[in-house]
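J.: Starting off with a structure, shown below.
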2 protein chains.
Amino acid sequence: MELSERKIKILQTIIRTYLETGEPVGSRTISKDTDLNLSSATIRNEMSDLEEMGYIIQPHTSAGRIPTDKAYRLYVDTMLDDKKIEVQNLKEELEHKAGKIDALLKQIARFLASNTNYATMVSGPRYKSKKVKFIQITPVDESNILTVIVLDNNVVKNQILRVDEVIDQELVVRLNFILNTTLNGLDVTEMNLAIIRNIKEQAGSHAKVIDAVLELVGNALTEDDDLKIYTSGATNFLKYPELSSKSETTELLNAFEEKRIINNWLEAAGQSNGSETHDIQVYIGNETNVDTMKDCSMVTATYKIHEGVYGKIGIIGPKRMDYDKVVSTLQSLMTELDDIFKDDI
Amino acid sequence: MELSERKIKILQTIIRTYLETGEPVGSRTISKDTDLNLSSATIRNEMSDLEEMGYIIQPHTSAGRIPTDKAYRLYVDTMLDDKKIEVQNLKEELEHKAGKIDALLKQIARFLASNTNYATMVSGPRYKSKKVKFIQITPVDESNILTVIVLDNNVVKNQILRVDEVIDQELVVRLNFILNTTLNGLDVTEMNLAIIRNIKEQAGSHAKVIDAVLELVGNALTEDDDLKIYTSGATNFLKYPELSSKSETTELLNAFEEKRIINNWLEAAGQSNGSETHDIQVYIGNETNVDTMKDCSMVTATYKIHEGVYGKIGIIGPKRMDYDKVVSTLQSLMTELDDIFKDDI
DNA sequence: GTTAGCACTCCATATTAAAGAGTGCTAACA
DNA sequence: TGTTAGCACTCTTTAATATGGAGTGCTAAC
C-alpha cells in the first residue's frame with residue numbers, strides 16, 4: 001500500500017495532536033481538525049490502513065490511535081516545519097568571557113532546559129591529541145615546588161609538589177631547561193624509556209624531582225578530566241505522565257547524576273561530521289540504543305569551537321517531544337555559537 | 001504531666017516502629033512488641049497522654065499514631081543508641097591521592113548516598129582569607145603569556161593572556177620581580193590604588209600587561225569558584241512514598257541541580273565549632289529553615305582539613321530517616337577523614 | 001491501676017453500575 | 001467506486017456503593 005497525500009495529511013494530524021495532548025487521537029477529532037472535509041467513517045478507513053502499514057497503533061480496542069516510532073521517524077524526516085525560532089536575547093543571556101568556556105556551556109545547558117522543558121546535557125570540548133607545549137617548575141617555598149604544564153591546546157595543568165631536597169635558583173633553571181628541551185612537542189606515546197633515561201641522566205642526583213614531574217606530565221596527557229558534562233532540567237522527566245510513573249525514569253534521573261553515563265550516550269550518538277547543519281540528529285525510542293531511554297527521544301547537536309575541537313549537546317524528552325521546537329531552537333543556538341566561537345581562543 | 005519511664009518506652013517503640021514501616025502505629029502492636037506486658041487498653045491510655053503532650057498525633061480518628069517533630073527531637077537528643085557502625089573498607093574505597101581533594105569529596109558523597117539511601121551533599125573546603133603567595137608570568141609563544149598565581153592556601157590559578165607587545169626574557173624577569181615584591185602577602189583589600197600605581201610606575205611602558213595581570217589577581221582573590229558542591233543519590237527522594245508524590249520533592253530534586261541552593265542550605269546549618277564530635281547536627285522538619293524541606297530531615301557534619309579550612313557534609317532524607325544509622329555512619333566517616341587529612345597538604 | 005468488651009469512626013478495597021469514547025462493519029447513497 | 005450514516009460492540013474511566021478491618025475511646029468490672 002502506498003502513502004497517499006491524504007493519508008499523509010491524516011497521519012500528520014494524528015502526530016501533531018498527539019504531541020500536544022499525549023492522548024490517543026480519534027477519528028472524529030481528525031475529521032473536524034483537518035480541511036479534508038471527510039466524515040469520521042472515511043477517516044476510520046484510512047486509519048485502519050495506516051495501522052496496517054505500521055504508522056499508528058491502538059493502545060486498546062475502542063481507543064484512538066497513537067503514532068509509532070516509524071511515524072515519528074517519518075515526521076522528523078519529512079514533515080517538520082522549517083520555521084526558525086528566534087533564540088531571543090541568547091547573546092545577552094550568555095555572558096561569555098573569553099576562556100571561560102565552562103561557564104558558557106553551563107549556561108547553554110540551563111538555557112536549553114528552561115526553553116524546551118526537557119532534560120539537557122552539554123559535553124565539554126574534547127581535544128584530540130595532547131602534546132606538551134611548555135613545562136615549568138618553580139619553587140614556592142622551602143618544601144614545595146609548583147609544576148606547570150601547558151598543553152598544545154592551551155590547557156594549563158598545575159600541581160604543587162612536595163620535595164625533600166633544597167632546590168636553588170640555579171638548579172631550577174637547569175631542570176626547566178632539561179625538561180623543555182626534551183619533552184616539548186611530544187605526546188604521551190612518544191615519551192619512551194629512552195627519553196626518560198636521557199632526562200634522568202642529565203638531571204643527575206635530582207632524578208627524584210624529575211620522577212615526580214614526569215608522573216604529573218603523564219597524568220596531564222592521559223587524564224580524562226576533560227570529561228566535563230553540564231546538565232540541567234533533569235526533573236523535567238517528572239513532568240510527563242507517560243514517563244514519570246515508570247521505573248526507567250528513576251534510572252534516567254540517576255544517570256543524570258553520573259556524568260560518565262551521559263557522556264557515553266552523547267558519544268554513542270552520531271559522529272560529528274562538521275556539516276553545515278551542525279549535525280543535528282534525532283533519535284527516537286530504541287534508536288538511542290539506550291535501554292532506559294526506549295520511551296524517550298534524544299536530539300543531539302555538535303558544536304565546534306575550532307578545527308578538531310568538538311563538543312556535543314543533547315536534549316532528552318518523551319517520544320512525543322516537540323521536535324519542531326527542539327530542533328529549531330538547537331539550530332538557532334548553534335548559529336549563535338558559531339558566531340561566539342568565531343573570534344575566540 | 002511528666003514523661004514516666006513507661007511513657008518513654010512506649011514513645012520509643014512508636015518511633016522505632018514508624019521509622020521502619022512508615023505506617024501509623026497502633027496500640028496492639030506496641031502491646032505485643034514491648035516487654036511491658038501491658039494490654040492494648042493500657043497502652044491506649046498512655047498514648048492518649050502522649051498525644052496530649054504533643055509527642056504523637058493521629059492522621060485521623062481510627063488510625064494509629066505517628067511521631068511529631070517534638071518526638072523525633074527527643075529521640076535524636078536522648079534515645080539514639082550509641083552503636084558504632086564500622087565504615088567498612090572505606091579507606092580502601094577512597095583512593096585518595098594527595099591534592100585531589102575534589103575526587104575524594106565526590107567519592108564521599110557517593111559513598112554516603114549508597115550506604116544510607118538518602119540524598120547526600122558535600123561542600124568543598126572554604127578558605128577564609130586569601131592572599132597572594134606567588135605570581136609568575138611566562139611567555140609560552142609569541143602572542144601569549146601564561147600567568148600563574150599561587151594563593152596562600154596553595155590553590156593555584158592560571159590563565160593564558162594574549163598580549164600585543166613582544167615580551168623578551170629580560171622583561172619577564174623584571175615584571176615578575178615587580179609583581180612579587182609588591183603583591184606577595186597581600187589580600188584583596190590591601191591592594192589599593194597606591195600600590196597599583198606604584199607597580200605601574202615601575203613597569204613603565206608595559207603597564208598594559210600589568211593591568212591584565214592585576215585583573216586576574218583580583219579575580220583569583222575574590223572569585224567564588226571555591227563553591228564546589230558534590231551531590232549524590234538525589235533520586236532517593238523518590239523512594240519514600242511520603243515524599244515522592246509531593247510537589248516539594250520535585251523542588252528538592254531541582255535544588256540538587258543548583259549547587260548554589262545546596263550551599264545555602266549547608267551554610268545556614270550550624271556553625272562549625274570544631275568540637276570533637278565533628279559537630280554532627282540533626283535538623284528535623286522545619287528546623288532546617290528551608291520550606292521545601294519541611295517534610296524532611298537533614299543531618300550535617302563539618303569536616304576539617306586543617307585549621308581554618310572547613311567543609312560540610314549533609315544528608316537529606318524523610319523525617320522518618322534512620323537517624324541512628326546516619327549519625328553513626330557520619331561519625332565513623334569523620335574519624336576516618338581526620339585520619340586521612342592528618343598528614344595531608 | 002489495669003483490663004476486657006463494645007460501639008463507633010474512618011480508611012482501604014472490592015464490586016457494581018453508568019457514561020463515554022472510539023471502533024468496525026454493513027448497507028445505502030452519489 | 002468512494003463516501004457516509006447508523007448501529008452494535010468493546011473497553012476505559014468515573015462514580016457510587018458495599019464490605020471488612022484497623023484502631024480508638026469509653027465504660028464497667030477486676
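Starting from 1 in every chain, residues are counted up; chains themselves are A, B, ... following the order of the C-alpha cells, and ligands are numbered from 1 as listed.
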Got a sec: who's within 9 Å of DT12 of chain D, counting only C-alpha atoms (C1' of nucleotides), leaving out chain neighbours fewer than 6 positions off, as a ChimeraX atom specification?
T.: /A:62-63 /C:20-21
J.: Dump C-alpha atoms (C1' of nucleotides) for the selected residues as a short mmCIF file (atom, residue, chain, number, x, y, z; two decimals), in the first residue's frame?
T.:
data_model
loop_
_atom_site.label_atom_id
_atom_site.label_comp_id
_atom_site.auth_asym_id
_atom_site.auth_seq_id
_atom_site.Cartn_x
_atom_site.Cartn_y
_atom_site.Cartn_z
CA SER A 62 -12.07 1.40 21.42
CA ALA A 63 -9.28 3.89 21.88
"C1'" DG C 20 -18.32 7.99 27.14
"C1'" DA C 21 -15.20 7.46 23.56
#
J.: What are the residues of chain D that have an atom within 8 Å of an atom of chain B, counting only C-alpha atoms (C1' of nucleotides), as JSON, numbers by chain?
T.: {"D": [22, 23, 24]}
J.: Please, could you write that set of residues out with N, CA and C atoms (P, O5', C5', C4', C3', O3' and C1' of nucleotides) as a JSON list (two decimals), in the first residue's frame?
T.:
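This is the output file out_2.json:
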[["chain", "number", "residue", "atom", "x", "y", "z"],
["D", 22, "DA", "P", -7.00, -6.07, 60.42],
["D", 22, "DA", "O5'", -6.27, -4.74, 60.86],
["D", 22, "DA", "C5'", -6.04, -3.69, 59.91],
["D", 22, "DA", "C4'", -6.15, -2.37, 60.61],
["D", 22, "DA", "C3'", -5.62, -2.41, 62.06],
["D", 22, "DA", "O3'", -4.71, -1.35, 62.22],
["D", 22, "DA", "C1'", -7.79, -1.48, 61.99],
["D", 23, "DG", "P", -3.85, -1.31, 63.55],
["D", 23, "DG", "O5'", -4.70, -0.28, 64.39],
["D", 23, "DG", "C5'", -4.80, 1.06, 63.93],
["D", 23, "DG", "C4'", -5.80, 1.76, 64.77],
["D", 23, "DG", "C3'", -5.56, 1.60, 66.28],
["D", 23, "DG", "O3'", -5.13, 2.82, 66.86],
["D", 23, "DG", "C1'", -7.86, 1.38, 65.70],
["D", 24, "DT", "P", -4.93, 2.92, 68.42],
["D", 24, "DT", "O5'", -6.14, 3.84, 68.84],
["D", 24, "DT", "C5'", -6.53, 4.89, 67.97],
["D", 24, "DT", "C4'", -7.90, 5.39, 68.39],
["D", 24, "DT", "C3'", -8.00, 5.64, 69.88],
["D", 24, "DT", "O3'", -8.27, 7.01, 70.14],
["D", 24, "DT", "C1'", -9.83, 4.31, 69.10]]
J.: Given only C-alpha atoms, how would the per-residue table for chain B near chain A read, listing every residue at most 9 Å away with its closest atom pair and distance in Å to one decimal, sorted by chain and number, as CSV?
T.:
residue,atom,partner,partner_atom,distance
B:Gly99,CA,A:Gln159,CA,8.0
B:Lys133,CA,A:Val140,CA,7.8
B:Phe134,CA,A:Val140,CA,6.8
B:Gln136,CA,A:Thr138,CA,8.9
B:Thr138,CA,A:Gln136,CA,8.9
B:Val140,CA,A:Phe134,CA,6.8
B:Leu146,CA,A:Val150,CA,8.7
B:Val148,CA,A:Val148,CA,8.4
B:Val150,CA,A:Val140,CA,8.2
B:Asn154,CA,A:Ile160,CA,7.5
B:Val155,CA,A:Ile160,CA,8.7
B:Val156,CA,A:Asn158,CA,7.2
B:Lys157,CA,A:Asn158,CA,8.6
B:Asn158,CA,A:Val156,CA,7.2
B:Gln159,CA,A:Val156,CA,7.6
B:Ile160,CA,A:Asn154,CA,7.6
B:Thr231,CA,A:Glu257,CA,8.0
B:Ser232,CA,A:Glu257,CA,6.8
B:Gly233,CA,A:Asn254,CA,7.4
B:Ala234,CA,A:Asn254,CA,7.7
B:Thr235,CA,A:Asn254,CA,6.2
B:Leu238,CA,A:Thr250,CA,7.8
B:Thr250,CA,A:Thr235,CA,6.6
B:Glu251,CA,A:Thr235,CA,8.6
B:Leu253,CA,A:Thr235,CA,6.6
B:Asn254,CA,A:Thr235,CA,6.2
B:Glu257,CA,A:Ser232,CA,6.8
B:Glu258,CA,A:Ser232,CA,8.8
J.: Counting only C-alpha atoms (C1' of nucleotides), which residues of chain C fall within 10 Å of chain B, and what is the closest atom pair for each with its distance in Å at one decimal, ordered by chain and rising number, as CSV?
T.:
residue,atom,partner,partner_atom,distance
C:DG1,C1',B:Thr42,CA,9.2
C:DT2,C1',B:Thr42,CA,6.7
C:DT3,C1',B:Ser39,CA,6.7
C:DA4,C1',B:Ala41,CA,8.8
C:DC8,C1',B:Ser62,CA,9.4
C:DT9,C1',B:Ser62,CA,6.1
C:DC10,C1',B:Ser62,CA,5.9
C:DC11,C1',B:Ala63,CA,8.4
J.: Go ahead and save the picked residues with C-alpha atoms (C1' of nucleotides), as a compact mmCIF listing (two decimals), in the first residue's frame.
T.:
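Everything below was put into result22.txt:
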# COMPACT_ATOMS: atom_id res chain seq x y z
C1' DG C 1 -4.09 0.92 88.17
C1' DT C 2 -5.31 -2.47 84.73
C1' DT C 3 -8.10 -4.76 81.52
C1' DA C 4 -11.98 -6.88 78.79
C1' DC C 8 -18.11 3.87 66.82
C1' DT C 9 -15.18 6.09 63.13
C1' DC C 10 -12.68 6.17 59.26
C1' DC C 11 -9.90 4.24 55.65
J.: Within 9 Å of segment 188-205 of chain B, counting only C-alpha atoms (C1' of nucleotides), which residues show up once you throw out same-chain ones fewer than 5 positions away? Write them as a VMD selection string, please.
T.: chain B and resid 130 to 132 174 to 175 178 to 179 182 to 183 210 to 211 214 217 to 218 221 to 222
J.: Which of segment 70-167 of chain A end up as helix (DSSP H, G or I) when DSSP is run on this backbone - answer as a PyMOL selection string?
T.: chain A and resi 70-79+90-93+101-116
J.: Run DSSP on the backbone and give me the residues of segment 111-319 of chain B it puts in strand (DSSP E or B), as a PyMOL selection string.
T.: chain B and resi 119-123+126+131-141+144-151+156-162+187+229-232+281-284+296-306+309-318
J.: Would you pick out the contacts of Leu112 of chain A at 9 Å or less, using only C-alpha atoms (C1' of nucleotides), so that residues sharing its chain but fewer than 3 positions from it are not included, and give the list as a ChimeraX atom specification?
T.: /A:107-109,115-121,232-233,315,326,329-330,333
J.: With only C-alpha atoms as the basis for distance, which of A:Leu216, A:Lys208, A:Val290, A:Arg6 is at the shortest distance from Asp49 of chain A?
T.: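 The closest residue to Asp49 of chain A is A:Arg6.
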J.: Applying 10 Å and only C-alpha atoms (C1' of nucleotides), which residues near Asp82 of chain B remain after dropping the ones on its own chain fewer than 4 positions away? List them as a PyMOL selection string.
T.: chain B and resi 324-325+327-328
J.: What is the distance between atom CA of Gly124 of chain B and atom CA of Lys100 of chain A, in Å to one decimal?
T.: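 Between atom CA of Gly124 of chain B and atom CA of Lys100 of chain A the gap works out to 20.9 Å.
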J.: What is the atom CA of Cys296 of chain B-atom CA of Tyr310 of chain B distance in Å, reported with one decimal?
T.: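 Interatomic distance here is 25.0 Å.
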J.: Would you mind listing what lies within 12 Å of DA28 of chain C as a list in words, with only C-alpha atoms (C1' of nucleotides) counted and same-chain residues fewer than 5 positions away left out?
T.: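 The residues satisfying every condition are DT3, DT4, DA5 and DG6 of chain D.
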